[in-house]
$ cat protein05.cif   # mmCIF, C-alpha atoms
data_structure
#
loop_
_atom_site.label_atom_id
_atom_site.label_comp_id
_atom_site.auth_asym_id
_atom_site.auth_seq_id
_atom_site.Cartn_x
_atom_site.Cartn_y
_atom_site.Cartn_z
CA VAL K 1 -68.01 44.95 -155.50
CA TYR K 2 -71.56 46.34 -155.61
CA ARG K 3 -74.30 47.09 -153.12
CA LEU K 4 -77.43 45.54 -154.56
CA GLY K 5 -80.33 47.88 -155.15
CA ASP K 6 -83.99 47.41 -154.36
CA PRO K 7 -86.01 48.28 -157.48
CA ALA K 8 -89.26 48.27 -155.46
CA ALA K 9 -87.81 51.02 -153.23
CA GLY K 10 -86.34 52.88 -156.20
CA SER K 11 -82.67 52.22 -155.33
CA GLN K 12 -80.14 51.03 -157.88
CA PRO K 13 -77.01 48.90 -157.48
CA ARG K 14 -74.02 51.01 -156.49
CA LYS K 15 -70.32 50.23 -156.74
CA LEU K 16 -68.42 50.25 -153.44
CA HIS K 17 -65.13 52.15 -153.27
CA CYS K 18 -62.20 49.72 -152.97
CA PRO K 19 -58.52 50.51 -152.46
CA VAL K 20 -57.60 47.61 -154.79
CA PRO K 21 -58.76 47.39 -158.41
CA ARG K 22 -59.11 43.57 -158.37
CA HIS K 23 -59.68 41.00 -155.66
CA ASP K 24 -59.63 37.22 -155.30
CA ASP K 25 -62.68 36.82 -153.08
CA ILE K 26 -65.06 38.53 -150.65
CA ALA K 27 -64.37 37.42 -147.06
CA ALA K 28 -67.25 39.32 -145.37
CA SER K 29 -69.88 41.91 -146.24
CA ALA K 30 -72.94 43.59 -144.77
CA CYS K 31 -75.25 46.61 -144.91
CA ASP K 32 -77.13 48.25 -142.08
CA ASP K 33 -80.91 47.82 -141.87
CA GLY K 34 -81.55 50.79 -144.14
CA GLY K 35 -79.35 49.41 -146.91
CA VAL K 36 -76.78 52.19 -146.56
CA GLY K 37 -73.37 52.00 -144.98
CA CYS K 38 -72.56 48.83 -146.90
CA TYR K 39 -69.06 47.38 -146.78
CA ALA K 40 -67.15 44.36 -148.02
CA ILE K 41 -63.86 42.94 -146.84
CA VAL K 42 -62.06 41.61 -149.91
CA ALA K 43 -58.95 39.46 -150.28
CA SER K 44 -56.22 40.26 -152.76
CA GLY K 45 -52.72 38.78 -152.80
CA GLY K 46 -52.84 37.46 -149.23
CA ARG K 47 -54.13 40.76 -147.81
CA LEU K 48 -57.60 41.84 -146.66
CA TRP K 49 -58.97 45.25 -147.68
CA ARG K 50 -62.13 47.18 -146.76
CA CYS K 51 -64.42 48.41 -149.55
CA GLU K 52 -67.29 50.72 -148.64
CA GLU K 53 -69.83 53.22 -149.86
CA ALA K 54 -69.29 56.89 -149.17
CA ALA K 55 -68.69 57.92 -145.54
CA PRO K 56 -70.66 55.63 -143.19
CA THR K 57 -73.80 57.04 -141.63
CA ALA K 58 -74.47 57.16 -137.89
CA ASN K 59 -76.56 53.97 -138.03
CA ALA K 60 -74.21 52.07 -140.40
CA THR K 61 -72.79 48.69 -139.50
CA ALA K 62 -70.02 49.41 -137.02
CA LEU K 63 -66.58 47.94 -137.54
CA PRO K 64 -63.72 47.98 -135.08
CA GLN K 65 -61.65 51.15 -135.47
CA GLN K 66 -58.64 49.27 -136.83
CA LEU K 67 -60.74 48.06 -139.78
CA THR K 68 -61.58 51.49 -141.11
CA ALA K 69 -58.34 52.81 -142.62
CA ALA K 70 -58.80 53.34 -146.34
CA GLY K 71 -55.97 52.68 -148.76
CA THR K 72 -54.07 50.31 -146.47
CA PRO K 73 -54.72 46.60 -145.96
CA LEU K 74 -56.62 45.58 -142.85
CA ALA K 75 -54.45 42.51 -142.50
CA ALA K 76 -51.82 40.46 -144.28
CA VAL K 77 -50.93 36.80 -143.97
CA ALA K 78 -47.92 36.30 -141.70
CA ALA K 79 -44.71 35.65 -143.59
CA GLU K 80 -42.19 33.01 -142.65
CA ASP K 81 -39.66 34.42 -140.22
CA ASN K 82 -35.94 33.69 -139.77
CA ASP K 83 -36.62 30.98 -137.19
CA GLY K 84 -38.72 28.83 -139.50
CA ALA K 85 -42.35 28.65 -140.37
CA ALA K 86 -43.85 31.49 -138.28
CA GLY K 87 -46.32 29.16 -136.60
CA TRP K 88 -47.49 27.33 -139.71
CA ARG K 89 -48.17 23.70 -138.86
CA ARG K 90 -49.22 20.75 -140.96
CA GLU K 91 -50.23 17.48 -139.27
CA GLY K 92 -48.65 18.69 -136.02
CA ARG K 93 -45.28 19.51 -137.60
CA PRO K 94 -43.89 22.90 -138.62
CA ALA K 95 -44.50 23.59 -142.29
CA ALA K 96 -43.79 26.38 -144.73
CA PRO K 97 -46.79 28.64 -145.34
CA PRO K 98 -48.35 28.65 -148.78
CA PRO K 99 -47.36 31.62 -150.91
CA THR K 100 -49.84 34.39 -150.08
CA GLN K 101 -50.77 34.76 -153.74
CA ALA K 102 -51.85 31.09 -153.69
CA LEU K 103 -54.66 31.75 -151.16
CA ARG K 104 -57.59 32.53 -153.46
CA ARG K 105 -60.77 31.53 -151.57
CA TRP K 106 -61.65 33.41 -148.38
CA ALA K 107 -64.41 33.61 -145.77
CA ALA K 108 -64.72 35.29 -142.37
CA VAL K 109 -67.12 34.58 -139.51
CA ASP K 110 -67.76 38.31 -138.93
CA ALA K 111 -66.61 41.83 -139.77
CA GLY K 112 -64.26 41.81 -136.79
CA LEU K 113 -62.36 38.93 -138.43
CA SER K 114 -62.64 36.75 -135.30
CA LYS K 115 -62.08 33.70 -137.52
CA VAL K 116 -60.84 33.80 -141.09
CA PHE K 117 -60.58 30.86 -143.49
CA ALA K 118 -58.56 30.66 -146.69
CA ALA K 119 -57.71 28.04 -149.28
CA PRO K 120 -55.66 27.92 -152.46
CA GLN K 121 -57.56 27.73 -155.72
CA ARG K 122 -56.34 24.20 -156.42
CA GLY K 123 -55.20 21.50 -153.98
CA GLY K 124 -54.25 22.02 -150.37
CA ALA K 125 -56.51 22.41 -147.37
CA ILE K 126 -58.61 25.14 -145.77
CA LEU K 127 -56.55 27.12 -143.28
CA GLU K 128 -58.04 28.80 -140.22
CA LEU K 129 -56.32 32.13 -139.51
CA SER K 130 -56.52 34.35 -136.46
CA TYR K 131 -56.39 38.13 -136.76
CA SER K 132 -54.07 40.27 -134.63
CA PRO K 133 -55.40 43.83 -135.02
CA SER K 134 -52.47 45.46 -133.24
CA ILE K 135 -50.08 44.36 -135.99
CA GLY K 136 -52.57 43.83 -138.83
CA GLN K 137 -51.53 40.22 -139.29
CA LEU K 138 -53.32 36.97 -140.03
CA ALA K 139 -51.59 33.94 -138.51
CA PRO K 140 -52.51 30.30 -139.06
CA THR K 141 -54.09 28.38 -136.23
CA SER K 142 -55.05 25.10 -137.92
CA GLU K 143 -56.02 23.21 -141.04
CA LEU K 144 -59.61 22.03 -141.18
CA PRO K 145 -59.88 18.23 -141.29
CA MET K 146 -60.62 16.84 -144.74
CA PRO K 147 -63.32 14.17 -145.06
CA ASP K 148 -62.44 10.59 -145.96
CA GLY K 149 -62.30 9.97 -149.68
CA ILE K 150 -61.35 13.54 -150.63
CA VAL K 151 -57.76 13.90 -151.80
CA SER K 152 -56.99 17.58 -151.37
CA GLU K 153 -54.47 17.69 -154.21
CA ASP K 154 -57.19 16.63 -156.69
CA ILE K 155 -59.74 19.35 -155.91
CA GLU K 156 -60.42 22.91 -156.91
CA TRP K 157 -61.83 25.16 -154.18
CA GLU K 158 -64.65 27.04 -155.90
CA SER K 159 -66.17 28.87 -152.92
CA LEU K 160 -65.96 29.30 -149.14
CA GLN K 161 -68.84 30.79 -147.14
CA VAL K 162 -69.58 31.06 -143.42
CA VAL K 163 -73.29 30.53 -142.74
CA GLY K 164 -74.82 31.96 -139.58
CA GLY K 165 -71.41 32.22 -137.94
CA LYS K 166 -71.61 28.50 -137.18
CA MET K 167 -70.92 26.53 -140.34
CA LEU K 168 -68.28 26.82 -143.03
CA ILE K 169 -69.49 25.63 -146.42
CA ALA K 170 -67.02 24.87 -149.20
CA ILE K 171 -67.90 24.07 -152.79
CA ILE K 172 -65.26 21.92 -154.43
CA GLY K 173 -64.84 20.64 -157.95
CA THR K 174 -63.00 17.58 -159.19
CA ASP K 175 -62.61 16.25 -162.71
CA SER K 176 -65.86 14.33 -162.30
CA ALA K 177 -68.17 16.23 -159.89
CA THR K 178 -69.00 19.29 -157.82
CA THR K 179 -69.56 18.68 -154.11
CA GLY K 180 -70.43 20.75 -151.06
CA LEU K 181 -68.57 20.20 -147.79
CA ALA K 182 -69.55 21.54 -144.35
CA TRP K 183 -67.63 22.06 -141.11
CA ASP K 184 -69.11 22.79 -137.68
CA LEU K 185 -67.06 25.79 -136.52
CA ALA K 186 -67.97 25.45 -132.83
CA LYS K 187 -66.69 21.86 -132.72
CA GLY K 188 -63.97 22.26 -135.35
CA THR K 189 -65.12 19.06 -137.04
CA PHE K 190 -66.24 18.00 -140.49
CA ALA K 191 -70.06 17.96 -140.51
CA GLY K 192 -70.94 16.38 -143.86
CA ARG K 193 -71.10 16.57 -147.61
CA PHE K 194 -73.87 17.27 -150.07
CA GLY K 195 -74.45 17.33 -153.83
#
$ encode --input "protein05.cif" --output "structure tokens"
Amino acid sequence: VYRLGDPAAGSQPRKLHCPVPRHDDIAASACDDGGVGCYAIVASGGRLWRCEEAAPTANATALPQQLTAAGTPLAAVAAEDNDGAAGWRREGRPAAPPPTQALRRWAAVDAGLSKVFAAPQRGGAILELSYSPSIGQLAPTSELPMPDGIVSEDIEWESLQVVGGKMLIAIIGTDSATTGLAWDLAKGTFAGRFG
């Protein structure tokens, strides 16, 4: 993960320090107004990690205290417990969670992880996860509704991105086309498709 430079200002791209050598996706990222104090929250193996430049400056983007520990994950997807599915639900019924390594596409509304979304690389649906900072756990709250005509088992999730904290955009691929899908996060409804 790199902080982009500004050639006009004489700054070069710089690699952020990450506690994991590889990641599946970037869930959130930002820099303060001066372009320093950049961070990224990356997903790897069902866990979220914080990558950052050297020690944050006084005016750097502030993160909640629990999101600043280096070398340990910020959060991990809740595992199934002895009583069943640990809150995982599919179509109103308890369901087994997907293997954490299967969740490959990630997006978060903000750096505080108030809402987190994840999807497998192929098939399945987008899961909304809530973050419990006291135990560092991500637990499922719902599956986003799929639009008519899209069979989730036939798609590949190429990208998830939260735009303006209000819309979730997903780029999906099928054998015949690439399509963009959008969900209104305030209403929790499918908003449309494009492409």
$ resolve_selection --input "protein05.cif" --expression "the PyMOL selection byres ((chain K and resi 184) around 12)" --output "PyMOL selection string"
chain K and resi 144-145+162-170+181-183+185-193
$ atom_distance --input "protein05.cif" --atom1 "atom CA of Ser176 of chain K" --atom2 "atom CA of Glu156 of chain K"
11.5 Å
$ closest_residue --input "protein05.cif" --among "K:Val20, K:Cys51, K:Val77, K:Ala8" --to "Ser130 of chain K" --atoms "all atoms listed in the file"
K:Val77
$ resolve_selection --input "protein05.cif" --expression "the PyMOL selection byres ((chain K and resi 118) around 9)" --output "PyMOL selection string"
chain K and resi 27+103-108+116-117+119-120+125-129+160
$ atom_distance --input "protein05.cif" --atom1 "atom CA of Asp148 of chain K" --atom2 "atom CA of Gln161 of chain K"
21.2 Å
$ closest_residue --input "protein05.cif" --among "K:Asp175, K:Glu143, K:Glu158, K:Glu52" --to "Gln121 of chain K" --atoms "only C-alpha atoms"
K:Glu158
$ residues_around --input "protein05.cif" --residues "Thr72 of chain K" --least-positions-apart "4" --cutoff "9 Å" --atoms "all atoms listed in the file" --output "ChimeraX atom specification"
/K:19,49-50
$ write_last_selection --input "protein05.cif" --atoms "C-alpha atoms" --output "PDB file, keeping the file's coordinate frame"
ATOM      1  CA  PRO K  19     -58.520  50.510-152.460  1.00  0.00           C
ATOM      2  CA  TRP K  49     -58.970  45.250-147.680  1.00  0.00           C
ATOM      3  CA  ARG K  50     -62.130  47.180-146.760  1.00  0.00           C
TER       4      ARG K  50
END
$ resolve_selection --input "protein05.cif" --expression "the PyMOL selection byres ((chain K and resi 153) around 6)" --output "VMD selection string"
chain K and resid 123 to 124 151 to 152 154 to 155
$ write_last_selection --input "protein05.cif" --atoms "C-alpha atoms" --output "PDB file, in the frame of the given file"
ATOM      1  CA  GLY K 123     -55.200  21.500-153.980  1.00  0.00           C
ATOM      2  CA  GLY K 124     -54.250  22.020-150.370  1.00  0.00           C
ATOM      3  CA  VAL K 151     -57.760  13.900-151.800  1.00  0.00           C
ATOM      4  CA  SER K 152     -56.990  17.580-151.370  1.00  0.00           C
ATOM      5  CA  ASP K 154     -57.190  16.630-156.690  1.00  0.00           C
ATOM      6  CA  ILE K 155     -59.740  19.350-155.910  1.00  0.00           C
TER       7      ILE K 155
END
$ atom_distance --input "protein05.cif" --atom1 "atom CA of Leu48 of chain K" --atom2 "atom CA of Arg122 of chain K"
20.2 Å
$ axis_aligned_box --input "protein05.cif" --around "segment 140-153 of chain K" --padding-each-side "6 Å" --output "AutoDock Vina command-line options"
--center_x -57.9 --center_y 20.1 --center_z -145.2 --size_x 22.8 --size_y 32.3 --size_z 30.0
$ residues_around --input "protein05.cif" --residues "His23 of chain K" --least-positions-apart "4" --cutoff "7 Å" --atoms "only C-alpha atoms" --output "count of residues only"
3
$ residues_around --input "protein05.cif" --residues "Ala177 of chain K" --least-positions-apart "4" --cutoff "9 Å" --atoms "all atoms listed in the file" --output "ChimeraX atom specification"
/K:172-173,195
$ write_last_selection --input "protein05.cif" --atoms "C-alpha atoms" --output "PDB file, in the coordinates of the input"
ATOM      1  CA  ILE K 172     -65.260  21.920-154.430  1.00  0.00           C
ATOM      2  CA  GLY K 173     -64.840  20.640-157.950  1.00  0.00           C
ATOM      3  CA  GLY K 195     -74.450  17.330-153.830  1.00  0.00           C
TER       4      GLY K 195
END
$ closest_residue --input "protein05.cif" --among "K:His17, K:Ala30, K:Ala76, K:Arg22" --to "Leu4 of chain K" --atoms "only C-alpha atoms"
K:Ala30
$ closest_residue --input "protein05.cif" --among "K:Ala102, K:Ala78, K:Ala111, K:Met146" --to "Ala28 of chain K" --atoms "all atoms listed in the file"
K:Ala111
